[in-house]
4 protein chains.
Amino acid sequence: MNAVLEALQLKADMEDVQSCKDDRCLPINHVGIKDLEHPIILHEPGATQTTIATCSFYVALPAQQRGTHMSRFISIMEEHYRNISIHQFQSMPAHVTEVLDAESSRIEMTFKMFRNKTAPISGLQSLMDYQVSLTGEYSGEASETLIKVAVPATSLCPCSKKISDYGAHNQRSLITLTVKPRDFISIVDLIDIAENNASAEVFSLVKRDDEKYLTEHAYNNPKFVEDIVRDLALSLNSDPRISGFRVETENFESIHNHSAYAMIDRLSK
Amino acid sequence: MNAVLEALQLKADMEDVQSCKDDRCLPINHVGIKDLEHPIILHEPGATQTTIATCSFYVALPAQQRGTHMSRFISIMEEHYRNISIHQFQSMPAHVTEVLDAESSRIEMTFKMFRNKTAPISGLQSLMDYQVSLTGEYSGEASETLIKVAVPATSLCPCSKKISDYGAHNQRSLITLTVKPRDFISIVDLIDIAENNASAEVFSLVKRDDEKYLTEHAYNNPKFVEDIVRDLALSLNSDPRISGFRVETENFESIHNHSAYAMIDRLSK
Amino acid sequence: MNAVLEALQLKADMEDVQSCKDDRCLPINHVGIKDLEHPIILHEPGATQTTIATCSFYVALPAQQRGTHMSRFISIMEEHYRNISIHQFQSMPAHVTEVLDAESSRIEMTFKMFRNKTAPISGLQSLMDYQVSLTGEYSGEASETLIKVAVPATSLCPCSKKISDYGAHNQRSLITLTVKPRDFISIVDLIDIAENNASAEVFSLVKRDDEKYLTEHAYNNPKFVEDIVRDLALSLNSDPRISGFRVETENFESIHNHSAYAMIDRLSK
Amino acid sequence: MNAVLEALQLKADMEDVQSCKDDRCLPINHVGIKDLEHPIILHEPGATQTTIATCSFYVALPAQQRGTHMSRFISIMEEHYRNISIHQFQSMPAHVTEVLDAESSRIEMTFKMFRNKTAPISGLQSLMDYQVSLTGEYSGEASETLIKVAVPATSLCPCSKKISDYGAHNQRSLITLTVKPRDFISIVDLIDIAENNASAEVFSLVKRDDEKYLTEHAYNNPKFVEDIVRDLALSLNSDPRISGFRVETENFESIHNHSAYAMIDRLSK
């Protein structure tokens, strides 16, 4: 085969397999790429930080189309979304839907976020890490964003305190808030709500006087997982910036090898 | 304090903190224990095996009750559910709801299951492991069970095959079926459906002639993630034992460091 | 090509690629299969349980041999090692070395093990899970086995107790013992040593009077990670069944989002 | 108690529990903090990037000292090590040893690192992520640093290619290099060595002509795990910048649900 023929043959071979007609007549809800690691610059009010997001991008595929164009998701991410704010994230699903020529899309981004915390007595500063997930869906008619933060904290058991002559079992607890914002709410504000409703906050760096304070503060604020999710729900119910929420608390029990867990769901309302 | 007074005092101290009235007036959707590890004996038609389940048990808590009784979940598991079949699992949520004196409950069990597979040419036998999850909810009016199996398989890229002069990239793929049964369907039947719709099955033990067969079989059955979920949906749509399903395929792409993913959801219909 | 020629050609094609001479002159320390999931029946003195092991099998490969025979590892496992005791495990590396026609081998098996525990006051029984790893190496001259158990426990901070007017932070802690046995020692005996040296043991099922006991017991036994590894080392140093050990403690600190960790290594002596 | 007495009492209570004499006469090899998440700015020759490190810091504790001062590790990290180059990391263990007033220390930092890659035919650019670990030990006499990089790649099975009439099974493979540097070697140079010795490299973004190239390139470069570690060892043996190494390859086999693995260890020489 001569060179010209070879080139033509190659072009034919290269035909777009993904665009072939599909005769199974089945639309697909989500198709795309999962768990792409990508650096992002996160913009919160008054603060900017570089972090690494695990990203998934999906679109719906109509019944007659055989495949989507996976590489476009990467191009969009590389070109447009190195900088992420909640505001910017909210416009992403509609943009992806358009570029992929689809009817709907779903985007997920999970990343660690840090903030500076000040120890309660010594005033020492240190960084704490929080796991954050943003999820966005667009379907032509409606667009929806969820913000989820997982906040480590201390919980101290009211029952153990009450029945024991001294001491009370306590443990690291993970508080998770998932909110549907009505107006803008920052991730840091959500972390504050979570930390304020635990038995005590956790810090990376404490001195002895902080440790004394935190120990006694937790002892003075015993809470079951049930108490924590109810107190969180009270806070979020009265927050005009939020139109729906799910609150969860998981205690990595110090007296068991399993967790205690509670959840209040006000997302569907 | 004398011994009698001490005993009375102890009894008073031991009062049931969890049963206290709660004045926040907030019902809790799920409260319970999460990620308890427990051995179970799994009963499938014609086969029994011992495995280890990661179990979570939740009940709803009415607004006026402060806490649930976490230890009862463990007692129920220890006393009644060492032996698990799908049939038995289906009655568990109602039972837990009753024992915990609740209005609704949710139970999750995830475990590895093994089955003997026969290599396609050599006929050699070996065990393959599959991840299985059972989820059950009971709310007084209705009870619902979901069976989920994750099945490793081979997928081979149709585009790569078509455009390349030789070879085609392929990879391990994870096919996940989540079904709402109408009539009884065994876990093994679901695994069969998944394996039949991949480019090729995977085995723990193959000889050279099996490897030749599997390599050529995959090359003759190229499938995108989109193709796999559509073929799975066709199989499940026509299965009278199933009233709803979600099918997912995740390719751990051999040419990328991220996954390709597709999902068809027919659970809500 | 006629059928006979085709068969001959196939046989030639099927020639043993792994046995080809290799001219890079580089021996390989470990080659084999990693993370095979396989059910085993674990035999401890007076008790037998079925569990699931994650198994890895490696042999050394001499410089002139191109590849090993991966499928033989699976065959050995399927045929000979469904039943595992520590005694049986100790003979496995020599057996694998022989069957693979190698000079040395290394085998790793990690599995969950359960044992029945009795709550300290109520006497209620429940199962606790422990992660166990067996590692065996054989090199012709010498054979070596290591037994590793990871035991969840409670630790309570002596500093927090001392400086606070009431309460003390405590948390779930993971104690890990890795021992080189001289004479037989059961896995359960190792778990006992770990549990006896924590601030308190953990249980799956406790009633209120157990919770009171455990809370007060931990408060009466405050220990840093440093204390726990030293107390463990004292116990193991004086145990004639053990010729070497490494002890580790990791506290999932209730006042931090990181762990405190200590380790004493007496394996190299 | 009046205020002055209370203050004195507090001061006494606050006495440094960690500095108490310990009479168990057991030195501790490693004590410190594990899995602290901290942002770092990574400096490689000609490139700087912000990433998130999981950090562990340990010192040795002499027999007569009861505890170490955990909070100092955090202070050192916050004050001195936001900027990390390999050079800077190499001086860290001696610094930590001095600040903690110890005899030896061990530091571990694990982080994701990105680099821009150019697709082989289209020339499109995209980011790839790699897992990197730095480990440093200082013991007064000697200091040692290890650099470890885990590089995803494609491997294609020589046996499958040889025995099959068409196609060959291939899969994502993880190549891990752990090197003891003699002179400076950049992390990117190590990644290059790993990628050059696989059947093919992986990319985040490829177009059809890249996919054709990579498919055929892998088919033309079939390699067992044994071949990959030997080819890596040949490359590293002849590199004057490296005084010792361990090379590992793990294939996430597309025809099995377990991995094939090989390792050559030249760290101890």
# chains A, B, ... in the order shown; residues from 1 in each chain; ligands from 1

call {"tool": "closest_atom_pairs", "arguments": {"of": "chain B", "to": "chain C", "cutoff": "12 Å", "atoms": "only C-alpha atoms", "output": "CSV"}}
result
residue,atom,partner,partner_atom,distance
B:Leu10,CA,C:Asp209,CA,9.5
B:Lys11,CA,C:Asp209,CA,9.8
B:Asp13,CA,C:Lys212,CA,10.2
B:Met14,CA,C:Arg208,CA,7.0
B:Glu15,CA,C:Arg208,CA,9.3
B:Asp16,CA,C:Arg208,CA,8.8
B:Val17,CA,C:Arg208,CA,10.2
B:Gln18,CA,C:Arg208,CA,11.0
B:Ile33,CA,C:Ser204,CA,10.5
B:Lys34,CA,C:Ser204,CA,11.7
B:Asp35,CA,C:Ser204,CA,11.3
B:Leu36,CA,C:Ser204,CA,8.1
B:Glu37,CA,C:Asp129,CA,6.5
B:His38,CA,C:Leu127,CA,7.4
B:Pro39,CA,C:Phe114,CA,8.0
B:Ile40,CA,C:Thr50,CA,9.8
B:Ile41,CA,C:Thr50,CA,9.7
B:Gln49,CA,C:Thr50,CA,8.9
B:Thr50,CA,C:Thr50,CA,6.1
B:Thr51,CA,C:Thr51,CA,6.2
B:Ile52,CA,C:Thr51,CA,7.0
B:Ala53,CA,C:Thr51,CA,10.7
B:Thr54,CA,C:Asp129,CA,10.9
B:His69,CA,C:Lys207,CA,9.9
B:Met70,CA,C:Leu205,CA,8.9
B:Ser71,CA,C:Leu205,CA,5.9
B:Arg72,CA,C:Leu205,CA,8.6
B:Phe73,CA,C:Leu205,CA,9.2
B:Ile74,CA,C:Leu205,CA,6.3
B:Ser75,CA,C:Leu205,CA,7.5
B:Ile76,CA,C:Leu205,CA,10.9
B:Met77,CA,C:Ser126,CA,9.8
B:Glu78,CA,C:Ser126,CA,7.1
B:Glu79,CA,C:Ser126,CA,9.9
B:Arg82,CA,C:Leu127,CA,11.5
B:Phe111,CA,C:Ile52,CA,10.3
B:Lys112,CA,C:Ile52,CA,8.3
B:Met113,CA,C:Pro39,CA,9.3
B:Phe114,CA,C:Pro39,CA,8.0
B:Arg115,CA,C:His38,CA,10.5
B:Asn116,CA,C:Glu78,CA,10.8
B:Leu124,CA,C:Ser75,CA,9.4
B:Gln125,CA,C:Glu78,CA,8.9
B:Ser126,CA,C:Glu78,CA,7.1
B:Leu127,CA,C:His38,CA,7.4
B:Met128,CA,C:Glu37,CA,7.9
B:Asp129,CA,C:Glu37,CA,6.5
B:Tyr130,CA,C:Glu37,CA,9.6
B:Gln131,CA,C:Glu37,CA,11.1
B:Phe203,CA,C:Ile74,CA,10.8
B:Ser204,CA,C:Ile74,CA,7.2
B:Leu205,CA,C:Ser71,CA,5.9
B:Val206,CA,C:Ser71,CA,6.7
B:Lys207,CA,C:Ser71,CA,7.2
B:Arg208,CA,C:Met14,CA,7.0
B:Asp209,CA,C:Met14,CA,7.9
B:Asp210,CA,C:Met14,CA,11.2
B:Glu211,CA,C:Met14,CA,10.3
B:Lys212,CA,C:Met14,CA,8.8

call {"tool": "write_last_selection", "arguments": {"atoms": "C-alpha atoms", "output": "PDB file, in the first residue's frame"}}
result
ATOM      1  CA  LEU B  10     -25.738   3.817  92.061  1.00  0.00           C
ATOM      2  CA  LYS B  11     -29.126   2.737  90.791  1.00  0.00           C
ATOM      3  CA  ASP B  13     -27.021   7.292  88.796  1.00  0.00           C
ATOM      4  CA  MET B  14     -27.582   4.443  86.448  1.00  0.00           C
ATOM      5  CA  GLU B  15     -30.906   5.871  85.387  1.00  0.00           C
ATOM      6  CA  ASP B  16     -31.536   5.517  81.745  1.00  0.00           C
ATOM      7  CA  VAL B  17     -30.030   8.681  80.255  1.00  0.00           C
ATOM      8  CA  GLN B  18     -31.031   7.624  76.744  1.00  0.00           C
ATOM      9  CA  ILE B  33     -24.126   1.438  65.094  1.00  0.00           C
ATOM     10  CA  LYS B  34     -21.874   1.503  62.041  1.00  0.00           C
ATOM     11  CA  ASP B  35     -19.230  -0.901  60.781  1.00  0.00           C
ATOM     12  CA  LEU B  36     -19.558  -3.734  63.252  1.00  0.00           C
ATOM     13  CA  GLU B  37     -17.511  -6.702  61.989  1.00  0.00           C
ATOM     14  CA  HIS B  38     -19.327 -10.008  62.450  1.00  0.00           C
ATOM     15  CA  PRO B  39     -18.927 -13.515  61.024  1.00  0.00           C
ATOM     16  CA  ILE B  40     -21.982 -14.847  59.188  1.00  0.00           C
ATOM     17  CA  ILE B  41     -22.927 -18.096  57.540  1.00  0.00           C
ATOM     18  CA  GLN B  49     -20.209 -20.472  53.222  1.00  0.00           C
ATOM     19  CA  THR B  50     -18.811 -18.649  56.222  1.00  0.00           C
ATOM     20  CA  THR B  51     -17.778 -15.066  55.629  1.00  0.00           C
ATOM     21  CA  ILE B  52     -17.342 -11.806  57.531  1.00  0.00           C
ATOM     22  CA  ALA B  53     -19.882  -9.013  57.256  1.00  0.00           C
ATOM     23  CA  THR B  54     -19.442  -5.339  58.004  1.00  0.00           C
ATOM     24  CA  HIS B  69     -30.301   1.589  72.884  1.00  0.00           C
ATOM     25  CA  MET B  70     -27.181   0.823  70.894  1.00  0.00           C
ATOM     26  CA  SER B  71     -26.397  -2.457  72.668  1.00  0.00           C
ATOM     27  CA  ARG B  72     -29.665  -4.040  71.486  1.00  0.00           C
ATOM     28  CA  PHE B  73     -28.412  -4.084  67.893  1.00  0.00           C
ATOM     29  CA  ILE B  74     -25.469  -6.228  68.956  1.00  0.00           C
ATOM     30  CA  SER B  75     -27.672  -8.588  70.949  1.00  0.00           C
ATOM     31  CA  ILE B  76     -30.022  -9.114  67.999  1.00  0.00           C
ATOM     32  CA  MET B  77     -27.113  -9.812  65.657  1.00  0.00           C
ATOM     33  CA  GLU B  78     -25.452 -12.240  68.079  1.00  0.00           C
ATOM     34  CA  GLU B  79     -28.659 -14.104  68.879  1.00  0.00           C
ATOM     35  CA  ARG B  82     -25.364 -15.646  62.428  1.00  0.00           C
ATOM     36  CA  PHE B 111     -19.266  -9.137  52.784  1.00  0.00           C
ATOM     37  CA  LYS B 112     -17.017 -11.050  50.445  1.00  0.00           C
ATOM     38  CA  MET B 113     -18.522 -14.083  48.774  1.00  0.00           C
ATOM     39  CA  PHE B 114     -16.611 -16.791  46.950  1.00  0.00           C
ATOM     40  CA  ARG B 115     -17.597 -19.148  44.200  1.00  0.00           C
ATOM     41  CA  ASN B 116     -15.823 -21.878  42.379  1.00  0.00           C
ATOM     42  CA  LEU B 124      -9.178 -26.131  36.265  1.00  0.00           C
ATOM     43  CA  GLN B 125     -11.178 -24.997  39.264  1.00  0.00           C
ATOM     44  CA  SER B 126     -10.429 -22.022  41.476  1.00  0.00           C
ATOM     45  CA  LEU B 127     -12.225 -19.620  43.778  1.00  0.00           C
ATOM     46  CA  MET B 128     -13.170 -16.061  42.834  1.00  0.00           C
ATOM     47  CA  ASP B 129     -14.157 -13.389  45.367  1.00  0.00           C
ATOM     48  CA  TYR B 130     -16.994 -10.889  44.938  1.00  0.00           C
ATOM     49  CA  GLN B 131     -18.086  -8.001  47.151  1.00  0.00           C
ATOM     50  CA  PHE B 203     -10.336 -16.228  36.944  1.00  0.00           C
ATOM     51  CA  SER B 204      -7.901 -16.854  39.799  1.00  0.00           C
ATOM     52  CA  LEU B 205      -6.276 -19.814  38.082  1.00  0.00           C
ATOM     53  CA  VAL B 206      -5.673 -20.145  34.345  1.00  0.00           C
ATOM     54  CA  LYS B 207      -3.259 -22.211  32.261  1.00  0.00           C
ATOM     55  CA  ARG B 208      -1.723 -21.120  28.960  1.00  0.00           C
ATOM     56  CA  ASP B 209      -4.562 -22.399  26.790  1.00  0.00           C
ATOM     57  CA  ASP B 210      -7.071 -20.553  28.993  1.00  0.00           C
ATOM     58  CA  GLU B 211      -5.011 -17.370  28.691  1.00  0.00           C
ATOM     59  CA  LYS B 212      -5.010 -17.707  24.886  1.00  0.00           C
TER      60      LYS B 212
END

call {"tool": "select_by_dssp", "arguments": {"residues": "segment 46-228 of chain C", "states": "helix (DSSP H, G or I)", "output": "ChimeraX atom specification"}}
result
/C:70-80,86-99,158-163,187-196,208-220,225-228

call {"tool": "atom_distance", "arguments": {"atom1": "atom CA of Ile84 of chain B", "atom2": "atom CA of Leu42 of chain B"}}
result
5.0 Å

call {"tool": "atom_distance", "arguments": {"atom1": "atom CA of Thr145 of chain D", "atom2": "atom CA of Glu44 of chain D"}}
result
16.1 Å

call {"tool": "residues_around", "arguments": {"residues": "Phe252 of chain C", "least_positions_apart": "5", "cutoff": "8 Å", "atoms": "only C-alpha atoms", "output": "number ranges by chain"}}
result
A: 172; C: 171-173, 257-260

call {"tool": "select_by_dssp", "arguments": {"residues": "segment 20-247 of chain D", "states": "strand (DSSP E)", "output": "VMD selection string"}}
result
chain D and resid 28 to 44 47 to 61 83 to 85 105 to 118 125 to 138 143 to 156 170 to 181 200 to 201 242 to 247

call {"tool": "residues_around", "arguments": {"residues": "Leu177 of chain B", "least_positions_apart": "3", "cutoff": "12 Å", "atoms": "only C-alpha atoms", "output": "ChimeraX atom specification"}}
result
/B:130-134,146-152,174,180-181,187-195,197,228-229,232-233,235-236,242,244-250,263-267

call {"tool": "atom_distance", "arguments": {"atom1": "atom CA of Ser105 of chain A", "atom2": "atom CA of Asp23 of chain A"}}
result
22.9 Å

call {"tool": "residues_around", "arguments": {"residues": "Val202 of chain D", "least_positions_apart": "2", "cutoff": "7 Å", "atoms": "only C-alpha atoms", "output": "ChimeraX atom specification"}}
result
/B:255-257 /D:152-154,200

call {"tool": "residues_around", "arguments": {"residues": "Glu98 of chain C", "least_positions_apart": "3", "cutoff": "12 Å", "atoms": "only C-alpha atoms", "output": "PyMOL selection string"}}
result
chain C and resi 59-60+72-73+76+91-95+101-105+138-140

call {"tool": "write_last_selection", "arguments": {"atoms": "N, CA and C atoms", "output": "PDB file, in the first residue's frame"}}
result
ATOM      1  N   VAL C  59       8.575 -15.872  45.308  1.00  0.00           N
ATOM      2  CA  VAL C  59       9.826 -16.643  45.326  1.00  0.00           C
ATOM      3  C   VAL C  59      10.938 -15.783  44.745  1.00  0.00           C
ATOM      4  N   ALA C  60      12.180 -16.185  45.006  1.00  0.00           N
ATOM      5  CA  ALA C  60      13.330 -15.554  44.351  1.00  0.00           C
ATOM      6  C   ALA C  60      13.487 -16.185  42.969  1.00  0.00           C
ATOM      7  N   ARG C  72       1.136 -21.598  39.728  1.00  0.00           N
ATOM      8  CA  ARG C  72       1.409 -22.641  40.734  1.00  0.00           C
ATOM      9  C   ARG C  72       1.081 -22.198  42.158  1.00  0.00           C
ATOM     10  N   PHE C  73       1.242 -20.896  42.430  1.00  0.00           N
ATOM     11  CA  PHE C  73       0.908 -20.391  43.768  1.00  0.00           C
ATOM     12  C   PHE C  73      -0.558 -20.664  44.095  1.00  0.00           C
ATOM     13  N   ILE C  76      -1.203 -24.420  44.739  1.00  0.00           N
ATOM     14  CA  ILE C  76      -0.758 -24.832  46.086  1.00  0.00           C
ATOM     15  C   ILE C  76      -1.764 -24.394  47.148  1.00  0.00           C
ATOM     16  N   SER C  91       5.401 -24.306  57.826  1.00  0.00           N
ATOM     17  CA  SER C  91       6.015 -25.212  56.843  1.00  0.00           C
ATOM     18  C   SER C  91       5.741 -24.769  55.401  1.00  0.00           C
ATOM     19  N   MET C  92       4.911 -23.769  55.235  1.00  0.00           N
ATOM     20  CA  MET C  92       4.470 -23.346  53.904  1.00  0.00           C
ATOM     21  C   MET C  92       5.603 -22.785  53.042  1.00  0.00           C
ATOM     22  N   PRO C  93       6.425 -21.870  53.558  1.00  0.00           N
ATOM     23  CA  PRO C  93       7.464 -21.295  52.688  1.00  0.00           C
ATOM     24  C   PRO C  93       8.406 -22.352  52.099  1.00  0.00           C
ATOM     25  N   ALA C  94       8.797 -23.353  52.882  1.00  0.00           N
ATOM     26  CA  ALA C  94       9.688 -24.398  52.346  1.00  0.00           C
ATOM     27  C   ALA C  94       8.967 -25.179  51.255  1.00  0.00           C
ATOM     28  N   HIS C  95       7.695 -25.448  51.467  1.00  0.00           N
ATOM     29  CA  HIS C  95       6.890 -26.182  50.497  1.00  0.00           C
ATOM     30  C   HIS C  95       6.768 -25.391  49.181  1.00  0.00           C
ATOM     31  N   ASP C 101      10.408 -24.640  42.572  1.00  0.00           N
ATOM     32  CA  ASP C 101      11.786 -24.919  42.173  1.00  0.00           C
ATOM     33  C   ASP C 101      12.656 -23.669  42.357  1.00  0.00           C
ATOM     34  N   ALA C 102      12.478 -23.041  43.523  1.00  0.00           N
ATOM     35  CA  ALA C 102      13.168 -21.771  43.787  1.00  0.00           C
ATOM     36  C   ALA C 102      14.166 -21.933  44.921  1.00  0.00           C
ATOM     37  N   GLU C 103      14.877 -20.876  45.244  1.00  0.00           N
ATOM     38  CA  GLU C 103      15.853 -20.934  46.333  1.00  0.00           C
ATOM     39  C   GLU C 103      15.325 -20.337  47.632  1.00  0.00           C
ATOM     40  N   SER C 104      14.367 -19.459  47.500  1.00  0.00           N
ATOM     41  CA  SER C 104      13.783 -18.879  48.702  1.00  0.00           C
ATOM     42  C   SER C 104      12.376 -18.413  48.394  1.00  0.00           C
ATOM     43  N   SER C 105      11.603 -18.147  49.446  1.00  0.00           N
ATOM     44  CA  SER C 105      10.238 -17.660  49.229  1.00  0.00           C
ATOM     45  C   SER C 105       9.783 -16.832  50.419  1.00  0.00           C
ATOM     46  N   TYR C 138      11.585 -18.424  53.803  1.00  0.00           N
ATOM     47  CA  TYR C 138      12.435 -19.608  53.783  1.00  0.00           C
ATOM     48  C   TYR C 138      13.555 -19.351  52.791  1.00  0.00           C
ATOM     49  N   SER C 139      14.778 -19.644  53.181  1.00  0.00           N
ATOM     50  CA  SER C 139      15.883 -19.373  52.251  1.00  0.00           C
ATOM     51  C   SER C 139      16.856 -20.544  52.181  1.00  0.00           C
ATOM     52  N   GLY C 140      16.356 -21.743  52.431  1.00  0.00           N
ATOM     53  CA  GLY C 140      17.238 -22.897  52.324  1.00  0.00           C
ATOM     54  C   GLY C 140      17.907 -23.155  53.653  1.00  0.00           C
TER      55      GLY C 140
END
